[in-house]
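Trainee: File name data-v6.txt; file contents compact mmCIF, C-alpha atoms; full text below.
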```
# COMPACT_ATOMS: atom_id res chain seq x y z
CA MET A 1 201.87 27.42 30.11
CA ARG A 2 200.09 26.18 27.12
CA LYS A 3 197.50 24.60 29.34
CA THR A 4 196.91 27.91 31.14
CA VAL A 5 196.64 29.87 27.92
CA SER A 6 194.33 27.33 26.52
CA ALA A 7 192.46 27.48 29.71
CA GLU A 8 192.35 31.20 29.54
CA LYS A 9 191.40 31.04 25.94
CA SER A 10 188.77 28.45 26.65
CA VAL A 11 187.07 30.59 29.26
CA PRO A 12 185.74 33.09 26.79
CA ALA A 13 184.64 30.21 24.69
CA LYS A 14 182.72 28.84 27.59
CA LYS A 15 181.43 32.30 28.28
CA THR A 16 180.37 32.58 24.73
CA ALA A 17 178.80 29.26 24.94
CA VAL A 18 177.22 30.26 28.20
CA ALA A 19 176.26 33.51 26.60
CA LYS A 20 174.92 31.74 23.64
CA LYS A 21 173.24 29.34 25.85
CA ALA A 22 172.12 32.18 28.10
CA ALA A 23 170.68 34.18 25.23
CA PRO A 24 167.89 31.87 24.76
CA VAL A 25 167.44 31.84 28.51
CA GLU A 26 167.33 35.61 28.54
CA LYS A 27 164.99 35.48 25.63
CA THR A 28 162.96 32.95 27.47
CA VAL A 29 163.12 35.03 30.63
CA ALA A 30 162.23 38.08 28.63
CA ALA A 31 159.57 36.14 26.94
CA LYS A 32 158.46 34.87 30.29
CA LYS A 33 158.70 38.35 31.68
CA ALA A 34 156.99 39.74 28.62
CA THR A 35 154.31 37.14 28.76
CA PRO A 36 152.98 38.39 32.09
CA ALA A 37 153.27 41.84 30.72
CA LYS A 38 151.21 40.83 27.72
CA LYS A 39 149.04 38.86 29.95
CA SER A 40 148.85 41.73 32.30
CA ALA A 41 148.18 43.95 29.36
CA SER A 42 145.57 41.60 28.16
CA GLY A 43 144.57 41.28 31.80
CA LYS A 44 144.36 45.02 31.97
CA LYS A 45 142.37 44.96 28.82
CA THR A 46 140.16 42.28 30.28
CA THR A 47 139.85 44.30 33.39
CA ALA A 48 139.05 47.28 31.28
CA VAL A 49 136.55 45.22 29.39
CA LYS A 50 135.22 43.94 32.64
CA LYS A 51 135.20 47.43 33.96
CA ALA A 52 133.68 48.68 30.75
CA THR A 53 130.97 46.09 30.94
CA PRO A 54 129.05 48.02 33.59
CA VAL A 55 129.43 51.06 31.43
CA ARG A 56 128.02 49.20 28.49
CA LYS A 57 125.38 47.76 30.73
CA ALA A 58 124.65 51.24 31.96
CA ALA A 59 124.47 52.42 28.39
CA ALA A 60 122.27 49.50 27.60
CA VAL A 61 120.19 50.30 30.63
CA LYS A 62 120.02 53.91 29.56
CA LYS A 63 119.10 52.80 26.09
CA SER A 64 116.62 50.34 27.52
CA VAL A 65 114.90 53.04 29.57
CA PRO A 66 112.86 54.19 26.60
CA VAL A 67 112.07 50.55 26.00
CA LYS A 68 110.83 50.28 29.57
CA LYS A 69 108.99 53.51 29.05
CA SER A 70 107.52 51.99 25.92
CA ALA A 71 106.61 48.91 27.90
CA VAL A 72 105.11 51.09 30.57
CA ALA A 73 103.32 53.01 27.85
CA LYS A 74 102.06 49.74 26.43
CA LYS A 75 100.96 48.66 29.85
CA ALA A 76 99.42 52.08 30.37
CA THR A 77 97.41 51.73 27.16
CA PRO A 78 94.80 49.42 28.72
CA VAL A 79 94.63 51.84 31.63
CA LYS A 80 93.98 54.68 29.21
CA LYS A 81 91.54 52.44 27.37
CA THR A 82 89.89 51.55 30.66
CA LEU A 83 89.72 55.21 31.56
CA ALA A 84 88.25 55.94 28.14
CA VAL A 85 85.73 53.13 28.59
CA LYS A 86 84.87 54.40 32.06
CA LYS A 87 84.55 57.90 30.68
CA THR A 88 82.34 56.58 27.85
CA LEU A 89 80.27 54.58 30.29
CA ALA A 90 79.98 57.62 32.52
CA VAL A 91 78.90 59.71 29.55
CA LYS A 92 76.43 57.03 28.47
CA LYS A 93 75.20 56.66 32.03
CA SER A 94 74.87 60.39 32.32
CA ALA A 95 73.02 60.49 28.99
CA ALA A 96 70.82 57.60 30.11
CA VAL A 97 70.14 59.36 33.41
CA LYS A 98 69.34 62.58 31.56
CA LYS A 99 67.15 60.66 29.10
CA SER A 100 65.47 58.82 31.95
CA ALA A 101 64.94 62.11 33.74
CA ALA A 102 63.56 63.63 30.56
CA VAL A 103 61.28 60.63 30.04
CA LYS A 104 60.10 60.80 33.64
CA LYS A 105 59.59 64.53 33.33
CA SER A 106 57.72 63.99 30.06
CA ALA A 107 55.66 61.25 31.68
CA VAL A 108 54.85 63.55 34.59
CA VAL A 109 53.85 66.31 32.17
CA LYS A 110 51.72 63.91 30.14
CA LYS A 111 50.19 62.52 33.30
CA ALA A 112 49.43 66.03 34.48
CA VAL A 113 47.85 66.92 31.15
CA ALA A 114 45.91 63.70 30.57
CA PRO A 115 45.83 61.37 33.58
CA GLU A 116 43.12 59.26 31.94
CA ARG A 117 45.61 57.96 29.34
CA VAL A 118 46.79 55.29 31.77
CA ALA A 119 45.75 51.96 30.28
CA PRO A 120 43.01 50.43 32.41
CA ALA A 121 43.30 46.93 33.80
CA ARG A 122 41.75 44.36 31.50
CA PRO A 123 39.54 41.49 32.64
CA PRO A 124 41.29 38.12 32.91
CA ARG A 125 41.35 35.93 29.81
CA ASN A 126 40.28 32.72 31.52
CA GLU A 127 37.36 34.06 33.54
CA SER A 128 34.73 31.73 34.88
CA HIS A 129 31.13 31.80 33.70
CA THR A 130 30.12 33.48 36.95
CA ALA A 131 32.78 36.19 36.48
CA LEU A 132 31.61 36.68 32.88
CA VAL A 133 28.00 37.12 33.99
CA ARG A 134 29.04 39.69 36.60
CA ARG A 135 31.22 41.63 34.15
CA ALA A 136 28.53 41.59 31.42
CA ARG A 137 25.84 42.87 33.79
CA ARG A 138 28.17 45.52 35.15
CA ILE A 139 28.83 46.75 31.59
CA ASP A 140 25.07 46.99 31.01
CA ARG A 141 24.63 48.98 34.24
CA GLU A 142 27.44 51.35 33.23
CA LEU A 143 25.90 51.86 29.78
CA ALA A 144 22.49 52.51 31.35
CA GLU A 145 24.05 55.40 33.27
CA VAL A 146 25.76 56.75 30.14
CA TYR A 147 22.63 56.38 27.93
CA PRO A 148 19.59 56.81 30.20
CA TYR A 149 17.66 58.02 27.13
CA ALA A 150 18.49 54.96 24.96
CA HIS A 151 15.61 54.19 22.59
CA PRO A 152 14.88 52.64 19.17
CA GLU A 153 16.32 55.05 16.61
CA LEU A 154 13.60 54.50 14.03
CA ASP A 155 10.72 56.95 13.88
CA PHE A 156 7.34 55.22 14.27
CA GLU A 157 3.87 55.89 15.65
CA ASN A 158 2.41 52.36 15.58
CA PRO A 159 3.51 48.72 15.16
CA PHE A 160 2.88 48.80 11.41
CA GLN A 161 5.20 51.77 10.87
CA LEU A 162 7.85 50.12 13.07
CA VAL A 163 7.81 46.78 11.24
CA VAL A 164 8.04 48.52 7.83
CA ALA A 165 10.84 50.86 9.00
CA THR A 166 12.80 47.94 10.47
CA VAL A 167 12.63 46.01 7.19
CA LEU A 168 13.81 49.12 5.30
CA SER A 169 16.77 49.63 7.69
CA ALA A 170 18.66 46.64 6.26
CA GLN A 171 21.93 47.71 4.56
CA THR A 172 21.37 51.41 5.31
CA THR A 173 21.24 53.79 8.26
CA ASP A 174 18.30 54.49 10.54
CA LEU A 175 18.71 58.15 9.66
CA ARG A 176 18.16 57.47 5.96
CA VAL A 177 15.08 55.37 6.78
CA ASN A 178 13.71 58.10 9.03
CA GLN A 179 14.17 60.63 6.24
CA THR A 180 12.34 58.35 3.77
CA THR A 181 9.37 56.91 5.68
CA PRO A 182 7.44 60.20 6.22
CA ALA A 183 6.60 60.36 2.52
CA LEU A 184 5.81 56.62 2.43
CA PHE A 185 3.40 56.67 5.42
CA ALA A 186 1.84 59.92 4.30
CA LYS A 187 0.77 58.23 1.06
CA TYR A 188 0.17 54.69 2.44
CA PRO A 189 -0.79 54.94 6.14
CA THR A 190 -2.24 51.41 6.55
CA PRO A 191 -1.31 47.86 5.48
CA GLU A 192 -4.28 47.83 3.12
CA ASP A 193 -3.10 51.03 1.40
CA LEU A 194 0.45 49.78 0.93
CA ALA A 195 -0.73 46.35 -0.22
CA ALA A 196 -2.73 47.95 -3.04
CA ALA A 197 -0.04 50.48 -4.07
CA ASN A 198 1.68 50.74 -7.45
CA PRO A 199 5.08 49.02 -7.03
CA GLU A 200 6.83 51.56 -9.25
CA GLU A 201 5.61 54.45 -7.10
CA VAL A 202 6.74 52.69 -3.95
CA GLU A 203 10.14 51.99 -5.51
CA GLU A 204 10.60 55.67 -6.31
CA ILE A 205 9.88 56.63 -2.69
CA LEU A 206 12.22 53.95 -1.30
CA ARG A 207 15.07 54.61 -3.73
CA PRO A 208 17.21 56.58 -1.16
CA THR A 209 17.37 53.54 1.15
CA GLY A 210 19.17 51.33 -1.39
CA PHE A 211 18.07 47.91 -2.67
CA PHE A 212 14.74 49.64 -3.24
CA ARG A 213 13.26 46.96 -5.55
CA ALA A 214 13.79 44.13 -3.07
CA LYS A 215 12.57 46.32 -0.21
CA THR A 216 9.47 47.33 -2.15
CA LYS A 217 8.65 43.68 -2.68
CA SER A 218 9.14 42.95 1.06
CA VAL A 219 7.06 45.80 2.48
CA MET A 220 4.22 45.25 0.00
CA GLY A 221 4.34 41.50 0.70
CA LEU A 222 4.14 41.89 4.49
CA SER A 223 1.33 44.44 4.04
CA LYS A 224 -0.65 41.91 2.02
CA ALA A 225 0.02 39.23 4.68
CA LEU A 226 -1.16 41.57 7.44
CA ARG A 227 -4.28 42.42 5.44
CA ASP A 228 -5.09 38.85 4.48
CA ASP A 229 -3.93 36.83 7.50
CA PHE A 230 -4.09 39.13 10.49
CA GLY A 231 -6.93 41.53 9.75
CA GLY A 232 -4.63 44.44 9.02
CA GLU A 233 -3.01 44.24 12.48
CA VAL A 234 0.57 43.43 13.36
CA PRO A 235 0.66 40.22 15.47
CA GLY A 236 2.27 40.33 18.90
CA ARG A 237 3.82 36.84 18.82
CA LEU A 238 7.26 35.87 17.59
CA GLU A 239 5.92 32.82 15.75
CA ASP A 240 3.52 34.96 13.70
CA LEU A 241 5.90 37.83 13.01
CA VAL A 242 8.61 35.64 11.47
CA LYS A 243 6.05 34.39 8.92
CA LEU A 244 5.80 37.85 7.36
CA PRO A 245 7.89 38.47 4.18
CA GLY A 246 11.22 40.15 5.01
CA VAL A 247 10.79 39.69 8.78
CA GLY A 248 13.36 37.64 10.71
CA ARG A 249 14.02 37.17 14.42
CA LYS A 250 15.90 40.44 14.69
CA THR A 251 13.05 42.49 13.19
CA ALA A 252 10.53 40.53 15.20
CA PHE A 253 12.31 41.30 18.49
CA VAL A 254 12.55 44.99 17.58
CA VAL A 255 8.77 45.06 17.09
CA LEU A 256 7.98 42.93 20.15
CA GLY A 257 10.27 44.90 22.46
CA ASN A 258 9.42 48.42 21.31
CA ALA A 259 5.82 48.18 20.06
CA PHE A 260 4.44 45.55 22.44
CA GLY A 261 6.77 45.78 25.46
CA ARG A 262 7.77 42.12 25.20
CA PRO A 263 11.46 41.33 25.91
CA GLY A 264 13.71 40.52 23.02
CA ILE A 265 17.38 40.79 22.02
CA THR A 266 18.05 42.71 18.80
CA VAL A 267 21.19 41.22 17.24
CA ASP A 268 22.16 43.82 14.65
CA THR A 269 25.65 44.51 13.28
CA HIS A 270 26.59 46.77 16.23
CA PHE A 271 25.36 44.26 18.79
CA GLN A 272 27.30 41.42 17.15
CA ARG A 273 30.51 43.44 17.00
CA LEU A 274 30.44 44.63 20.59
CA VAL A 275 29.52 41.37 22.33
CA ARG A 276 32.45 39.69 20.58
CA ARG A 277 34.81 42.54 21.50
CA TRP A 278 33.72 42.25 25.09
CA GLU A 279 34.17 38.46 24.86
CA TRP A 280 30.63 37.72 25.96
CA THR A 281 30.51 35.10 23.23
CA ALA A 282 32.59 33.83 20.31
CA GLU A 283 29.53 32.91 18.22
CA LYS A 284 29.07 34.56 14.83
CA GLU A 285 25.56 33.53 13.78
CA PRO A 286 22.78 35.88 15.03
CA ASP A 287 20.61 33.08 16.40
CA LYS A 288 23.49 31.58 18.42
CA ILE A 289 24.57 35.02 19.66
CA GLU A 290 21.01 35.70 20.79
CA ARG A 291 20.89 32.47 22.80
CA ALA A 292 24.37 32.97 24.32
CA ILE A 293 23.65 36.53 25.47
CA GLY A 294 20.19 35.59 26.67
CA GLU A 295 21.84 33.24 29.19
CA LEU A 296 23.87 36.09 30.72
CA PHE A 297 20.94 38.41 31.48
CA PRO A 298 17.45 38.11 32.93
CA LYS A 299 14.72 38.25 30.31
CA THR A 300 13.41 41.57 31.60
CA ASP A 301 16.70 43.26 30.63
CA TRP A 302 16.84 42.07 27.04
CA THR A 303 15.15 44.99 25.25
CA MET A 304 17.01 47.79 27.05
CA LEU A 305 20.27 45.81 26.86
CA SER A 306 19.89 45.86 23.09
CA HIS A 307 19.39 49.64 23.10
CA HIS A 308 22.39 50.25 25.39
CA VAL A 309 24.73 48.13 23.29
CA ILE A 310 23.54 49.56 19.94
CA PHE A 311 23.74 53.13 21.25
CA HIS A 312 27.30 52.53 22.43
CA GLY A 313 28.28 50.91 19.14
CA ARG A 314 27.03 53.88 17.12
CA ARG A 315 28.47 56.61 19.33
CA ILE A 316 31.77 55.36 20.77
CA CYS A 317 32.71 51.75 19.95
CA HIS A 318 32.80 52.11 16.17
CA ALA A 319 33.61 49.31 13.78
CA ARG A 320 36.77 50.76 12.19
CA LYS A 321 38.16 53.12 14.83
CA PRO A 322 36.72 52.79 18.34
CA ALA A 323 37.13 55.81 20.61
CA CYS A 324 38.81 53.80 23.40
CA GLY A 325 40.18 56.93 25.10
CA ALA A 326 36.63 58.24 25.61
CA CYS A 327 34.99 54.94 26.52
CA PRO A 328 33.29 54.77 29.95
CA ILE A 329 33.68 50.98 30.19
CA ALA A 330 37.35 50.77 29.17
CA PRO A 331 38.41 48.97 32.41
CA LEU A 332 35.89 46.21 31.66
CA CYS A 333 36.79 45.78 27.98
CA PRO A 334 39.26 43.08 26.85
CA ALA A 335 39.62 44.86 23.49
CA TYR A 336 40.81 48.18 24.95
CA GLY A 337 43.53 49.62 22.71
CA GLU A 338 42.09 48.48 19.37
CA GLY A 339 41.08 52.07 18.74
CA GLU A 340 42.33 55.55 19.62
CA THR A 341 43.41 55.72 23.28
CA ASP A 342 44.41 59.39 23.39
CA PRO A 343 41.50 61.15 25.16
CA GLU A 344 41.65 64.31 23.05
CA LYS A 345 41.84 62.41 19.75
CA ALA A 346 39.17 59.97 20.91
CA LYS A 347 36.74 62.82 21.64
CA LYS A 348 36.87 63.82 18.00
CA LEU A 349 35.57 60.37 17.02
CA LEU A 350 32.37 60.61 19.04
CA LYS A 351 29.08 60.75 17.13
CA TYR A 352 25.52 62.00 17.61
CA GLU A 353 24.77 63.73 20.91
CA LYS A 354 28.16 62.66 22.35
CA GLY A 355 29.98 64.52 19.61
CA GLY A 356 27.44 67.31 19.26
CA PHE A 357 26.07 65.91 15.99
CA PRO A 358 22.36 65.42 15.13
CA GLY A 359 20.79 62.12 16.10
CA GLN A 360 19.13 59.68 13.72
CA ARG A 361 15.50 60.43 14.52
CA LEU A 362 13.55 63.35 13.13
CA ASN A 363 11.11 62.96 16.05
CA PRO A 364 13.14 61.57 18.98
CA PRO A 365 11.69 60.97 22.47
CA GLN A 366 11.55 63.94 24.83
CA SER A 367 14.08 62.29 27.18
CA TYR A 368 16.61 62.32 24.35
CA LEU A 369 16.01 66.00 23.69
CA ASP A 370 16.25 66.78 27.41
CA ALA A 371 19.69 65.08 27.48
CA GLY A 372 20.99 67.40 24.74
CA GLY A 373 20.19 65.24 21.73
CA ILE A 374 19.62 67.05 18.43
CA PRO A 375 16.91 65.89 15.99
CA ALA A 376 18.05 64.77 12.55
CA PRO A 377 17.24 67.02 9.57
CA PRO A 378 14.60 65.86 7.05
CA LEU A 379 15.57 64.38 3.69
CA GLY A 380 17.20 66.94 1.41
CA ALA A 381 17.94 69.42 4.20
CA THR A 382 21.32 71.16 3.99
CA THR A 383 21.34 72.74 7.44
CA ALA A 384 24.64 72.01 9.18
CA ALA A 385 24.75 70.77 12.72
CA PRO A 386 25.72 73.16 15.52
CA ALA A 387 29.28 73.27 16.77
CA SER A 388 30.42 70.16 18.58
CA PRO A 389 31.16 70.72 22.28
CA SER A 390 34.13 68.38 22.08
CA THR A 391 35.72 69.50 18.83
CA GLY A 392 34.37 73.01 18.29
CA THR A 393 33.62 72.17 14.66
CA ALA A 394 30.37 71.86 12.82
CA GLY A 395 29.02 68.35 12.55
CA PRO A 396 27.61 66.78 9.40
CA ALA A 397 23.92 66.88 8.64
CA THR A 398 23.85 63.21 7.66
CA ASP A 399 24.63 59.95 9.40
CA SER A 400 27.88 58.03 9.45
CA PRO A 401 28.46 55.18 6.99
CA SER A 402 27.82 52.57 9.68
CA ARG A 403 25.06 50.31 8.47
CA GLY A 404 21.59 50.16 9.94
CA THR A 405 20.34 47.85 12.64
CA GLY A 406 21.01 44.55 11.01
```
Mind turning this structure into structure tokens?

Mentor:
Amino acid sequence: MRKTVSAEKSVPAKKTAVAKKAAPVEKTVAAKKATPAKKSASGKKTTAVKKATPVRKAAAVKKSVPVKKSAVAKKATPVKKTLAVKKTLAVKKSAAVKKSAAVKKSAVVKKAVAPERVAPARPPRNESHTALVRRARRIDRELAEVYPYAHPELDFENPFQLVVATVLSAQTTDLRVNQTTPALFAKYPTPEDLAAANPEEVEEILRPTGFFRAKTKSVMGLSKALRDDFGGEVPGRLEDLVKLPGVGRKTAFVVLGNAFGRPGITVDTHFQRLVRRWEWTAEKEPDKIERAIGELFPKTDWTMLSHHVIFHGRRICHARKPACGACPIAPLCPAYGEGETDPEKAKKLLKYEKGGFPGQRLNPPQSYLDAGGIPAPPLGATTAAPASPSTGTAGPATDSPSRGTG
């Protein structure tokens, strides 16, 4: 009985023990069961996170869209810049085309107005001697057509008057000499008369020509030489002429060519300037220039060549401002462009009969008058020249400041 009771009593004890022991098991089971729940909860959370990730990504994508737009915008900037550049280039091209069209139109207008403004072809720099001879002779032929009335621009009636006038033309104009010599020859018509004159009276007459004292000494000295050595006659040989006081090769050739019909080259300031401009020679001394030019032309052409060149130098090819735009030999001139090339402006630079102004001679040859040349006024005259056909303005009654024949 006791055993049974104890057994019965011990059962709850065991149960309690089992219960006690089971409690932790239940706890463990619960814990175990709870763990998956937690895990599952955390798993759910993870899943949610995982599921939310696309959402966040989507949000990020949505947020990044402006960034992409910005990137696109940045990428588009060069495109815009390129478009702007293209537009600018198009504008510039259009402007250039318009400008080119305007220039062409302007050129056409200018060409229509003044076709002669086109720069003529220049002769080659390294031309042979044969080519130089041909070009030089062609220039002389052209000038002969332009100035068929070319003549010595000193008034004279005999060799004595010509030699005296030529000596007086140094450092002054032929016009001034022509205005002065009538009074001189009226008072002293022969070498004997001038040789015996009062120097002071001669000086007073020659005062307008400048350097009148030196010139008085020269003309009285050559008059005495003519009286004493040549019987009062002007010699017709170069060797004799250069022995006279104040007479050099230039003066001698003027006298020989124009008073005796013997060929000679007159190398005055105009002649020297032009032959160097035309590159006929590079020499600067008159004697060397004379020899160099003499080799380019036959001797029979020398006298008229001198007249052609001097006429051209006084009328068109001036020292300071040549009238290149009105020059008939421009295509043959290496110096074309040194002066005024505009035809209208160049016409205003022309002198003497070319510009409608009086010539340098009071008593010019009839051929000059027939060609439209106007005689120069006497000394002290105030009569103005008639209107110039090229400028429509009155010309001066006196000569230009270009200096004489030598």

Trainee: Would you pick out the contacts of segment 179-191 of chain A at 7 Å or less, using all atoms listed in the file, so that residues sharing its chain but fewer than 6 positions from it are not included, and give the list as number ranges by chain?

Mentor: A: 205-206, 223-224, 226-227, 232, 378-379

Trainee: What does the structure give for the distance between atom CA of Pro286 of chain A and atom CA of Asp268 of chain A, in Å to one decimal?

Mentor: 8.0 Å

Trainee: Please list as a list in words every residue within 10 Å of Val234 of chain A, counting all atoms listed in the file and excluding residues in the same chain fewer than 2 positions away.

Mentor: Asn158, Pro159, Phe160, Gln161, Leu162, Val163, Pro191, Leu222, Ser223, Ala225, Leu226, Arg227, Asp229, Phe230, Gly231, Gly232, Gly236, Arg237, Asp240, Leu241, Leu244, Val255 and Ala259 of chain A

Trainee: One decimal, in Å: what's the spacing between atom CA of Asn363 of chain A and atom CA of Ala165 of chain A?

Mentor: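 One can read the atom CA of Asn363 of chain A to atom CA of Ala165 of chain A distance as 14.0 Å.
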
Trainee: Just how far from atom CA of Phe253 of chain A is atom CA of Val219 of chain A, in Å to one decimal?

Mentor: 17.4 Å

Trainee: Using all atoms listed in the file, which residue out of A:Ala136, A:Leu350, A:Ala144, A:Cys327 lies closest to Arg276 of chain A?

Mentor: A:Ala136

Trainee: Rank nothing, just name the residue among A:Asp140, A:Glu200, A:Arg207, A:Pro148 nearest to Val177 of chain A, using only C-alpha atoms.

Mentor: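 Closest to Val177 of chain A, using only C-alpha atoms: A:Arg207.
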
Trainee: Can you tell me which residues surround Arg249 of chain A at a distance of at most 10 Å, considering only C-alpha atoms, apart from same-chain residues fewer than 2 positions away, and format the answer as a ChimeraX atom specification?

Mentor: /A:238-239,241-242,247,251-255,264-267,286-287,290

Trainee: (9.6, 46.1, 33.0) in this file's frame - what residues fall within 9 Å of it? Use all atoms listed in the file and give the answer as an MDAnalysis selection string.

Mentor: chainID A and resid 261:263 300:301
